[in-house]
Amino acid sequence: AYYRERASAAGQILGESPAIERVRALVERIAAATGGPGGQAPTVLLLGATGSGKGHLARALHAAGGRRGGPFIEVNCTALPENLVEAELFGHEKGAFTDAKTARAGLVETADGGTIFLDEIGHISLPLQAKFLKVIEEKTIRRVGGTAVRRVDVQVVAATSRDLEAAVRLGEFREDLHQRLAVAVLRIPPLRERGRDAVLLAHTFLDDVRRRYGAPPRRLSPAAENAIAAYGWPGNVRELLNTL
């Protein structure tokens, strides 16, 4: 699926390392500056390697901010169907194209009053970048096949594992969009830079997995803990979860 909707997103940020403490403090500062619907909502850019927990952090920001009562729409930008990307994001009117039997709101409009999380935004096309810039700057959208301009009140949280500054230099990412996204930047450290947080997370994941599958209580041995702490986890938190 290329998008998911959550009415509420619990956002506990686990870890005791100095690196994750800095992230937690920034999340609290950004959340405190996020007003409810109709108020100010800073655009946030999450940077980090694949599997480092950008989606979880986006949900934590939503859960802690003033828009927690609104929708949380998560969009996987790399999985959007290319031939329908504009209609899926911005909606369409009846008869706008062959299969448009009825009018439908797009994902941006559906997030009104809440948060839209644009995951892997660094890989979208230049024409789509221009449309996102308009949403951020003007808070408006126009449905495919329509003439009316609709106002949308959304907080934009974007994430990427790509070096956007390098993409800007290559002409593959708009500099003005990069500037608009980077109002508040959160860099998520890879798991190998988080000390023994991997062990703490492993205990949490083991307990979650055990409950999910109805297994009896299990513990990590000291040897297992040491192996988890010593491993580099190139796939980050996602790899650790999948391993457990």
# chains A, B, ... in the order shown; residues from 1 in each chain; ligands from 1
call {"tool": "select_by_dssp", "arguments": {"residues": "region 20-234 of chain A", "states": "helix (DSSP H, G or I)", "output": "compact mmCIF listing (two decimals) with N, CA and C atoms, in the first residue's frame"}}
result
# COMPACT_ATOMS: atom_id res chain seq x y z
N ILE A 20 19.89 9.73 21.05
CA ILE A 20 18.43 9.69 20.99
C ILE A 20 17.81 10.67 21.97
N GLU A 21 18.52 11.01 23.04
CA GLU A 21 18.04 12.05 23.95
C GLU A 21 17.95 13.39 23.22
N ARG A 22 18.93 13.67 22.36
CA ARG A 22 18.89 14.92 21.59
C ARG A 22 17.69 14.92 20.64
N VAL A 23 17.42 13.78 20.01
CA VAL A 23 16.26 13.68 19.12
C VAL A 23 14.97 13.89 19.92
N ARG A 24 14.88 13.25 21.07
CA ARG A 24 13.67 13.37 21.90
C ARG A 24 13.44 14.83 22.30
N ALA A 25 14.50 15.54 22.65
CA ALA A 25 14.37 16.94 23.05
C ALA A 25 13.88 17.80 21.89
N LEU A 26 14.39 17.53 20.69
CA LEU A 26 13.95 18.29 19.51
C LEU A 26 12.49 18.00 19.18
N VAL A 27 12.08 16.75 19.31
CA VAL A 27 10.67 16.40 19.08
C VAL A 27 9.78 17.19 20.03
N GLU A 28 10.18 17.28 21.29
CA GLU A 28 9.38 18.01 22.27
C GLU A 28 9.29 19.49 21.92
N ARG A 29 10.41 20.07 21.45
CA ARG A 29 10.41 21.49 21.08
C ARG A 29 9.52 21.75 19.88
N ILE A 30 9.61 20.88 18.87
CA ILE A 30 8.81 21.05 17.66
C ILE A 30 7.33 20.85 17.99
N ALA A 31 7.03 19.83 18.77
CA ALA A 31 5.64 19.55 19.13
C ALA A 31 5.03 20.72 19.90
N ALA A 32 5.83 21.35 20.76
CA ALA A 32 5.34 22.49 21.54
C ALA A 32 5.02 23.68 20.65
N LYS A 54 12.20 6.68 10.81
CA LYS A 54 11.63 7.98 10.44
C LYS A 54 10.10 7.97 10.55
N GLY A 55 9.48 6.88 10.15
CA GLY A 55 8.03 6.79 10.25
C GLY A 55 7.56 6.84 11.69
N HIS A 56 8.25 6.13 12.57
CA HIS A 56 7.89 6.15 13.98
C HIS A 56 8.05 7.55 14.56
N LEU A 57 9.10 8.25 14.15
CA LEU A 57 9.33 9.61 14.66
C LEU A 57 8.24 10.56 14.15
N ALA A 58 7.82 10.39 12.91
CA ALA A 58 6.73 11.22 12.38
C ALA A 58 5.45 11.03 13.20
N ARG A 59 5.17 9.78 13.56
CA ARG A 59 3.98 9.51 14.38
C ARG A 59 4.14 10.09 15.79
N ALA A 60 5.37 10.07 16.30
CA ALA A 60 5.62 10.67 17.61
C ALA A 60 5.38 12.17 17.59
N LEU A 61 5.82 12.84 16.52
CA LEU A 61 5.58 14.28 16.38
C LEU A 61 4.09 14.59 16.34
N HIS A 62 3.36 13.79 15.59
CA HIS A 62 1.91 14.00 15.49
C HIS A 62 1.24 13.79 16.85
N ALA A 63 1.62 12.71 17.54
CA ALA A 63 1.00 12.37 18.81
C ALA A 63 1.29 13.40 19.89
N ALA A 64 2.45 14.07 19.81
CA ALA A 64 2.84 15.02 20.84
C ALA A 64 2.37 16.44 20.56
N CYS A 77 5.97 7.86 -0.94
CA CYS A 77 6.10 8.57 -2.22
C CYS A 77 6.66 7.68 -3.33
N THR A 78 7.45 6.68 -2.99
CA THR A 78 8.03 5.81 -4.01
C THR A 78 7.04 4.77 -4.52
N ALA A 79 5.91 4.59 -3.83
CA ALA A 79 4.95 3.56 -4.23
C ALA A 79 3.70 4.14 -4.87
N GLU A 82 2.20 5.94 -10.72
CA GLU A 82 2.64 7.10 -11.51
C GLU A 82 1.52 7.70 -12.36
N ASN A 83 0.66 6.84 -12.92
CA ASN A 83 -0.38 7.35 -13.82
C ASN A 83 -1.53 8.01 -13.07
N LEU A 84 -1.59 7.83 -11.74
CA LEU A 84 -2.68 8.42 -10.96
C LEU A 84 -2.18 9.25 -9.79
N VAL A 85 -0.89 9.58 -9.81
CA VAL A 85 -0.29 10.22 -8.64
C VAL A 85 -0.98 11.53 -8.28
N GLU A 86 -1.29 12.36 -9.26
CA GLU A 86 -1.91 13.66 -8.97
C GLU A 86 -3.31 13.47 -8.40
N ALA A 87 -4.09 12.56 -8.99
CA ALA A 87 -5.44 12.31 -8.51
C ALA A 87 -5.43 11.72 -7.11
N GLU A 88 -4.49 10.84 -6.82
CA GLU A 88 -4.43 10.22 -5.49
C GLU A 88 -4.07 11.26 -4.42
N LEU A 89 -3.17 12.16 -4.75
CA LEU A 89 -2.73 13.15 -3.77
C LEU A 89 -3.69 14.31 -3.62
N PHE A 90 -4.23 14.79 -4.74
CA PHE A 90 -5.00 16.03 -4.71
C PHE A 90 -6.49 15.83 -5.01
N LEU A 107 -5.38 12.56 -0.82
CA LEU A 107 -4.76 12.30 0.48
C LEU A 107 -4.43 13.59 1.23
N VAL A 108 -4.03 14.63 0.50
CA VAL A 108 -3.71 15.90 1.15
C VAL A 108 -4.97 16.49 1.78
N GLU A 109 -6.06 16.45 1.05
CA GLU A 109 -7.33 16.98 1.56
C GLU A 109 -7.83 16.13 2.74
N THR A 110 -7.62 14.83 2.67
CA THR A 110 -8.04 13.94 3.75
C THR A 110 -7.31 14.23 5.04
N ILE A 121 10.44 11.51 0.26
CA ILE A 121 10.11 12.61 -0.66
C ILE A 121 11.26 12.93 -1.60
N GLY A 122 12.46 12.49 -1.27
CA GLY A 122 13.62 12.79 -2.11
C GLY A 122 13.59 12.12 -3.46
N HIS A 123 12.65 11.21 -3.69
CA HIS A 123 12.61 10.46 -4.94
C HIS A 123 11.44 10.85 -5.84
N LEU A 126 10.17 16.11 -10.49
CA LEU A 126 10.19 17.57 -10.39
C LEU A 126 8.80 18.19 -10.53
N PRO A 127 7.94 17.72 -11.46
CA PRO A 127 6.58 18.29 -11.52
C PRO A 127 5.81 18.11 -10.22
N LEU A 128 5.96 16.95 -9.59
CA LEU A 128 5.26 16.72 -8.32
C LEU A 128 5.86 17.57 -7.21
N GLN A 129 7.16 17.81 -7.27
CA GLN A 129 7.79 18.71 -6.29
C GLN A 129 7.16 20.09 -6.35
N ALA A 130 6.88 20.57 -7.56
CA ALA A 130 6.26 21.89 -7.72
C ALA A 130 4.88 21.94 -7.07
N LYS A 131 4.14 20.86 -7.18
CA LYS A 131 2.80 20.82 -6.58
C LYS A 131 2.86 20.78 -5.06
N PHE A 132 3.82 20.04 -4.52
CA PHE A 132 3.98 20.02 -3.07
C PHE A 132 4.40 21.39 -2.55
N LEU A 133 5.24 22.09 -3.31
CA LEU A 133 5.66 23.43 -2.91
C LEU A 133 4.45 24.35 -2.79
N LYS A 134 3.51 24.21 -3.72
CA LYS A 134 2.29 25.04 -3.69
C LYS A 134 1.44 24.73 -2.46
N VAL A 135 1.36 23.45 -2.13
CA VAL A 135 0.59 23.06 -0.94
C VAL A 135 1.21 23.69 0.31
N ILE A 136 2.54 23.63 0.42
CA ILE A 136 3.21 24.16 1.61
C ILE A 136 3.11 25.68 1.69
N GLU A 137 3.31 26.34 0.56
CA GLU A 137 3.35 27.80 0.56
C GLU A 137 1.96 28.43 0.64
N GLU A 138 1.00 27.86 -0.10
CA GLU A 138 -0.31 28.49 -0.21
C GLU A 138 -1.41 27.78 0.56
N LEU A 164 19.55 15.39 0.20
CA LEU A 164 18.80 16.36 -0.59
C LEU A 164 19.68 17.51 -1.07
N GLU A 165 20.68 17.89 -0.29
CA GLU A 165 21.57 18.97 -0.73
C GLU A 165 22.33 18.55 -1.98
N ALA A 166 22.77 17.29 -2.04
CA ALA A 166 23.44 16.78 -3.24
C ALA A 166 22.46 16.72 -4.40
N ALA A 167 21.20 16.33 -4.13
CA ALA A 167 20.18 16.26 -5.18
C ALA A 167 19.88 17.65 -5.73
N VAL A 168 19.91 18.66 -4.86
CA VAL A 168 19.70 20.04 -5.32
C VAL A 168 20.83 20.45 -6.25
N ARG A 169 22.07 20.13 -5.88
CA ARG A 169 23.22 20.48 -6.73
C ARG A 169 23.14 19.79 -8.09
N GLU A 175 15.48 23.57 -5.09
CA GLU A 175 16.08 24.23 -3.94
C GLU A 175 15.02 24.92 -3.09
N ASP A 176 14.01 25.53 -3.73
CA ASP A 176 12.98 26.24 -2.96
C ASP A 176 12.15 25.26 -2.13
N LEU A 177 11.89 24.07 -2.66
CA LEU A 177 11.16 23.07 -1.89
C LEU A 177 12.01 22.57 -0.72
N HIS A 178 13.29 22.36 -0.98
CA HIS A 178 14.19 21.93 0.10
C HIS A 178 14.19 22.94 1.24
N GLN A 179 14.23 24.22 0.90
CA GLN A 179 14.24 25.27 1.92
C GLN A 179 12.94 25.28 2.71
N ARG A 180 11.82 25.05 2.02
CA ARG A 180 10.52 25.06 2.68
C ARG A 180 10.34 23.85 3.59
N LEU A 181 10.91 22.71 3.17
CA LEU A 181 10.80 21.50 3.98
C LEU A 181 11.67 21.57 5.23
N LEU A 191 21.45 3.10 14.22
CA LEU A 191 21.45 2.33 15.46
C LEU A 191 22.86 2.09 16.01
N ARG A 192 23.84 1.99 15.12
CA ARG A 192 25.21 1.73 15.58
C ARG A 192 25.80 2.90 16.37
N GLU A 193 25.18 4.08 16.28
CA GLU A 193 25.65 5.25 17.01
C GLU A 193 24.85 5.50 18.29
N ASP A 197 21.37 1.13 23.10
CA ASP A 197 19.94 1.25 22.79
C ASP A 197 19.43 0.03 22.04
N ALA A 198 20.30 -0.61 21.24
CA ALA A 198 19.87 -1.80 20.50
C ALA A 198 19.40 -2.89 21.45
N VAL A 199 20.08 -3.03 22.59
CA VAL A 199 19.70 -4.05 23.56
C VAL A 199 18.36 -3.69 24.20
N LEU A 200 18.19 -2.42 24.57
CA LEU A 200 16.93 -1.96 25.15
C LEU A 200 15.79 -2.21 24.16
N LEU A 201 15.98 -1.85 22.91
CA LEU A 201 14.96 -2.06 21.89
C LEU A 201 14.69 -3.54 21.68
N ALA A 202 15.73 -4.35 21.71
CA ALA A 202 15.56 -5.78 21.50
C ALA A 202 14.65 -6.39 22.57
N HIS A 203 14.83 -5.99 23.83
CA HIS A 203 13.95 -6.48 24.89
C HIS A 203 12.50 -6.08 24.63
N THR A 204 12.30 -4.83 24.20
CA THR A 204 10.94 -4.35 23.90
C THR A 204 10.34 -5.11 22.74
N PHE A 205 11.11 -5.28 21.66
CA PHE A 205 10.61 -5.99 20.49
C PHE A 205 10.30 -7.45 20.80
N LEU A 206 11.17 -8.08 21.60
CA LEU A 206 10.96 -9.48 21.95
C LEU A 206 9.64 -9.64 22.70
N ASP A 207 9.36 -8.73 23.61
CA ASP A 207 8.12 -8.80 24.37
C ASP A 207 6.91 -8.57 23.47
N ASP A 208 7.03 -7.59 22.55
CA ASP A 208 5.93 -7.32 21.61
C ASP A 208 5.65 -8.53 20.72
N VAL A 209 6.72 -9.11 20.18
CA VAL A 209 6.56 -10.26 19.29
C VAL A 209 5.98 -11.46 20.04
N ARG A 210 6.47 -11.66 21.26
CA ARG A 210 5.96 -12.77 22.08
C ARG A 210 4.45 -12.65 22.29
N ARG A 211 4.00 -11.44 22.65
CA ARG A 211 2.56 -11.24 22.86
C ARG A 211 1.78 -11.41 21.57
N ARG A 212 2.35 -10.92 20.47
CA ARG A 212 1.64 -11.00 19.19
C ARG A 212 1.38 -12.45 18.79
N PRO A 222 22.65 -13.22 28.39
CA PRO A 222 23.76 -12.25 28.34
C PRO A 222 24.56 -12.35 27.04
N ALA A 223 24.73 -13.58 26.53
CA ALA A 223 25.47 -13.73 25.27
C ALA A 223 24.71 -13.08 24.12
N ALA A 224 23.38 -13.23 24.12
CA ALA A 224 22.56 -12.61 23.08
C ALA A 224 22.63 -11.09 23.17
N GLU A 225 22.57 -10.56 24.39
CA GLU A 225 22.67 -9.11 24.57
C GLU A 225 24.01 -8.58 24.05
N ASN A 226 25.07 -9.29 24.36
CA ASN A 226 26.40 -8.85 23.91
C ASN A 226 26.50 -8.90 22.39
N ALA A 227 25.91 -9.93 21.78
CA ALA A 227 25.94 -10.04 20.32
C ALA A 227 25.16 -8.90 19.68
N ILE A 228 24.01 -8.56 20.27
CA ILE A 228 23.19 -7.47 19.75
C ILE A 228 23.94 -6.14 19.87
N ALA A 229 24.60 -5.94 21.00
CA ALA A 229 25.34 -4.69 21.22
C ALA A 229 26.54 -4.57 20.30
N ALA A 230 27.16 -5.69 19.95
CA ALA A 230 28.38 -5.67 19.14
C ALA A 230 28.11 -5.55 17.65
call {"tool": "select_by_dssp", "arguments": {"residues": "region 2-244 of chain A", "states": "strand (DSSP E)", "output": "PyMOL selection string"}}
result
chain A and resi 3-6+44-47+72-76+115-119+140-141+150-151+155-160+184-187
call {"tool": "closest_residue", "arguments": {"among": "A:Leu118, A:Leu47, A:Ala19, A:Ala111", "to": "Leu80 (chain A)", "atoms": "only C-alpha atoms"}}
result
A:Leu118
call {"tool": "closest_atom_pairs", "arguments": {"of": "region 65-166 of chain A", "to": "region 42-46 of chain A", "cutoff": "7 Å", "atoms": "only C-alpha atoms", "output": "JSON lines"}}
result
{"residue": "A:Gln155", "atom": "CA", "partner": "A:Thr43", "partner_atom": "CA", "distance": 6.3}
{"residue": "A:Val156", "atom": "CA", "partner": "A:Thr43", "partner_atom": "CA", "distance": 5.2}
{"residue": "A:Val157", "atom": "CA", "partner": "A:Val44", "partner_atom": "CA", "distance": 4.7}
{"residue": "A:Ala158", "atom": "CA", "partner": "A:Leu45", "partner_atom": "CA", "distance": 5.0}
{"residue": "A:Ala159", "atom": "CA", "partner": "A:Leu46", "partner_atom": "CA", "distance": 4.5}
{"residue": "A:Thr160", "atom": "CA", "partner": "A:Leu46", "partner_atom": "CA", "distance": 6.6}
call {"tool": "atom_distance", "arguments": {"atom1": "CA of Ile141 (chain A)", "atom2": "CA of Asp119 (chain A)"}}
result
19.6 Å
call {"tool": "closest_residue", "arguments": {"among": "A:Ser161, A:Ser125, A:Thr243, A:Thr50", "to": "Arg174 (chain A)", "atoms": "only C-alpha atoms"}}
result
A:Ser125
call {"tool": "residues_around", "arguments": {"residues": "Val237 (chain A)", "least_positions_apart": "2", "cutoff": "6 Å", "atoms": "only C-alpha atoms", "output": "PyMOL selection string"}}
result
chain A and resi 51-52+239-240
call {"tool": "closest_residue", "arguments": {"among": "A:Gly91, A:Pro216, A:Arg238, A:Ile124", "to": "Val149 (chain A)", "atoms": "only C-alpha atoms"}}
result
A:Gly91
call {"tool": "atom_distance", "arguments": {"atom1": "CA of Leu186 (chain A)", "atom2": "CA of Leu244 (chain A)"}}
result
27.1 Å
call {"tool": "decode", "arguments": {"residues": "region 186-199 of chain A", "atoms": "all heavy atoms", "output": "compact mmCIF listing (two decimals), in the first residue's frame"}}
result
# COMPACT_ATOMS: atom_id res chain seq x y z
N LEU A 186 15.25 17.16 11.64
CA LEU A 186 15.60 16.15 12.64
C LEU A 186 16.43 15.07 11.97
O LEU A 186 15.96 14.41 11.04
CB LEU A 186 14.32 15.52 13.22
CG LEU A 186 13.69 16.20 14.43
CD1 LEU A 186 12.33 15.60 14.71
CD2 LEU A 186 14.57 16.06 15.65
N ARG A 187 17.66 14.91 12.43
CA ARG A 187 18.53 13.85 11.89
C ARG A 187 18.50 12.67 12.85
O ARG A 187 18.85 12.80 14.02
CB ARG A 187 19.96 14.37 11.71
CG ARG A 187 20.09 15.37 10.57
CD ARG A 187 21.51 15.91 10.42
NE ARG A 187 21.64 16.71 9.21
CZ ARG A 187 21.29 17.99 9.13
NH1 ARG A 187 20.80 18.60 10.20
NH2 ARG A 187 21.42 18.65 8.00
N ILE A 188 18.08 11.53 12.35
CA ILE A 188 17.94 10.35 13.19
C ILE A 188 19.23 9.54 13.10
O ILE A 188 19.64 9.13 12.02
CB ILE A 188 16.75 9.49 12.73
CG1 ILE A 188 15.49 10.36 12.64
CG2 ILE A 188 16.52 8.32 13.67
CD1 ILE A 188 14.31 9.67 12.03
N PRO A 189 19.90 9.31 14.22
CA PRO A 189 21.17 8.58 14.17
C PRO A 189 20.95 7.12 13.83
O PRO A 189 19.94 6.52 14.21
CB PRO A 189 21.71 8.73 15.60
CG PRO A 189 20.49 8.92 16.44
CD PRO A 189 19.52 9.69 15.59
N PRO A 190 21.90 6.50 13.11
CA PRO A 190 21.80 5.05 12.88
C PRO A 190 21.95 4.30 14.20
O PRO A 190 22.52 4.83 15.17
CB PRO A 190 22.97 4.77 11.93
CG PRO A 190 23.93 5.89 12.16
CD PRO A 190 23.10 7.09 12.51
N LEU A 191 21.45 3.10 14.22
CA LEU A 191 21.45 2.33 15.46
C LEU A 191 22.86 2.09 16.01
O LEU A 191 23.06 2.05 17.23
CB LEU A 191 20.72 0.99 15.23
CG LEU A 191 20.32 0.19 16.48
CD1 LEU A 191 19.54 1.05 17.47
CD2 LEU A 191 19.51 -1.03 16.06
N ARG A 192 23.84 1.99 15.12
CA ARG A 192 25.21 1.73 15.58
C ARG A 192 25.80 2.90 16.37
O ARG A 192 26.80 2.74 17.06
CB ARG A 192 26.11 1.42 14.37
CG ARG A 192 26.31 2.58 13.42
CD ARG A 192 27.24 2.24 12.27
NE ARG A 192 27.41 3.37 11.38
CZ ARG A 192 26.59 3.64 10.36
NH1 ARG A 192 25.54 2.85 10.12
NH2 ARG A 192 26.80 4.69 9.59
N GLU A 193 25.18 4.08 16.28
CA GLU A 193 25.65 5.25 17.01
C GLU A 193 24.85 5.50 18.29
O GLU A 193 25.00 6.55 18.92
CB GLU A 193 25.59 6.49 16.11
CG GLU A 193 26.53 6.43 14.92
CD GLU A 193 26.43 7.66 14.04
OE1 GLU A 193 25.69 8.60 14.42
OE2 GLU A 193 27.07 7.69 12.97
N ARG A 194 24.05 4.51 18.68
CA ARG A 194 23.16 4.71 19.82
C ARG A 194 23.54 3.84 21.03
O ARG A 194 22.69 3.54 21.87
CB ARG A 194 21.71 4.45 19.41
CG ARG A 194 21.17 5.47 18.42
CD ARG A 194 19.77 5.14 17.97
NE ARG A 194 18.85 4.96 19.09
CZ ARG A 194 17.58 4.65 18.94
NH1 ARG A 194 17.07 4.50 17.72
NH2 ARG A 194 16.81 4.48 20.00
N GLY A 195 24.80 3.47 21.11
CA GLY A 195 25.26 2.71 22.27
C GLY A 195 24.49 1.42 22.46
O GLY A 195 24.27 0.66 21.51
N ARG A 196 24.04 1.19 23.69
CA ARG A 196 23.30 -0.03 24.00
C ARG A 196 21.79 0.11 23.82
O ARG A 196 21.01 -0.70 24.34
CB ARG A 196 23.64 -0.51 25.41
CG ARG A 196 25.08 -1.03 25.53
CD ARG A 196 25.35 -1.63 26.90
NE ARG A 196 24.56 -2.84 27.18
CZ ARG A 196 24.92 -4.06 26.81
NH1 ARG A 196 26.02 -4.26 26.10
NH2 ARG A 196 24.16 -5.09 27.15
N ASP A 197 21.37 1.13 23.10
CA ASP A 197 19.94 1.25 22.79
C ASP A 197 19.43 0.03 22.04
O ASP A 197 18.25 -0.34 22.17
CB ASP A 197 19.67 2.50 21.93
CG ASP A 197 19.59 3.77 22.77
OD1 ASP A 197 19.71 3.67 24.01
OD2 ASP A 197 19.41 4.85 22.19
N ALA A 198 20.30 -0.61 21.24
CA ALA A 198 19.87 -1.80 20.50
C ALA A 198 19.40 -2.89 21.45
O ALA A 198 18.42 -3.59 21.18
CB ALA A 198 21.01 -2.31 19.62
N VAL A 199 20.08 -3.03 22.59
CA VAL A 199 19.70 -4.05 23.56
C VAL A 199 18.36 -3.69 24.20
O VAL A 199 17.47 -4.54 24.35
CB VAL A 199 20.79 -4.21 24.64
CG1 VAL A 199 20.35 -5.20 25.71
CG2 VAL A 199 22.10 -4.67 24.00
